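Enquirer: The structure is given below, and queries will be raised subsequently.
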Amino acid sequence: MSATKEKKSKPAADKYQIRRWILKSVAETTRKTAVTLNSIKKFLESKQKNVSVKSETKMILKRLLESGHLVKVDGRFFAGKVNLRKKNERGLSRKSDGKRKSPVKSQRGKRVCSSPEKEQEKQFT
């Protein structure tokens, strides 16, 4: 039984890897900088030989188009939905930049005395 699971999991892992590669090839694209199918195939071929010719690759590409992760306009492809992980990273970087320490907190340990009489009163108390 474990042999059949290994056979099923290996093609599934290949499919996920191909899907990741396709999304990576169009990750930084916009509507103006969309890439062609040929450039996606070249990217896949650079990762693994004969992977762009497989029928699985065509099905994965079709599913990505249907789900909205890829968008096709005038024969060119660009990234559709934003990856949640990237979206969260963008939000975190902005929040951390906006935080600044208040000046009151940074001066808590410092003593500021204007006259020597007040210093003597503080020493006796």
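Residue names in the structure tokens use chain letters A, B, ... in the order shown, residue numbers from 1 in each chain, and ligand numbers from 1 in the order shown.
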Please report, as a PyMOL selection string, each residue of segment 16-92 of chain A to which DSSP assigns alpha helix (DSSP H) when run on this structure's backbone.
Expert: chain A and resi 16-25+37-47+55-67+84-92
Enquirer: Identify which of the residues A:Trp21, A:Phe77, A:Leu65, A:Asp14 lies closest to Asn38 of chain A, counting only C-alpha atoms when measuring atom-to-atom distances.
Expert: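 Answer, going by the shortest atom-to-atom distance: A:Phe77.
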Enquirer: If we count only C-alpha atoms and set the cut-off at 8 Å, which residues sit around segment 15-20 of chain A, ignoring sequence neighbours fewer than 5 positions away in its own chain? Please answer as a ChimeraX atom specification.
Expert: /A:44,56-57,60-61
Enquirer: Please dump the current selection as an mmCIF file, in the first residue's frame; keep C-alpha atoms.
Expert:
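The file below, result.cif, is the result:
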```
data_model
loop_
_atom_site.group_PDB
_atom_site.id
_atom_site.type_symbol
_atom_site.label_atom_id
_atom_site.label_comp_id
_atom_site.auth_asym_id
_atom_site.auth_seq_id
_atom_site.Cartn_x
_atom_site.Cartn_y
_atom_site.Cartn_z
ATOM 1 C CA LEU A 44 10.347 25.939 -17.032
ATOM 2 C CA GLU A 56 0.311 18.248 -16.912
ATOM 3 C CA THR A 57 1.949 21.616 -17.452
ATOM 4 C CA ILE A 60 -1.719 23.460 -14.476
ATOM 5 C CA LEU A 61 -1.538 26.598 -16.591
#
```
Enquirer: Report, in Å with one decimal, the straight-line distance from atom CA of Asp74 of chain A to atom CA of Lys47 of chain A.
Expert: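 Taking atom CA of Asp74 of chain A as the start and atom CA of Lys47 of chain A as the end point, the length is 26.3 Å.
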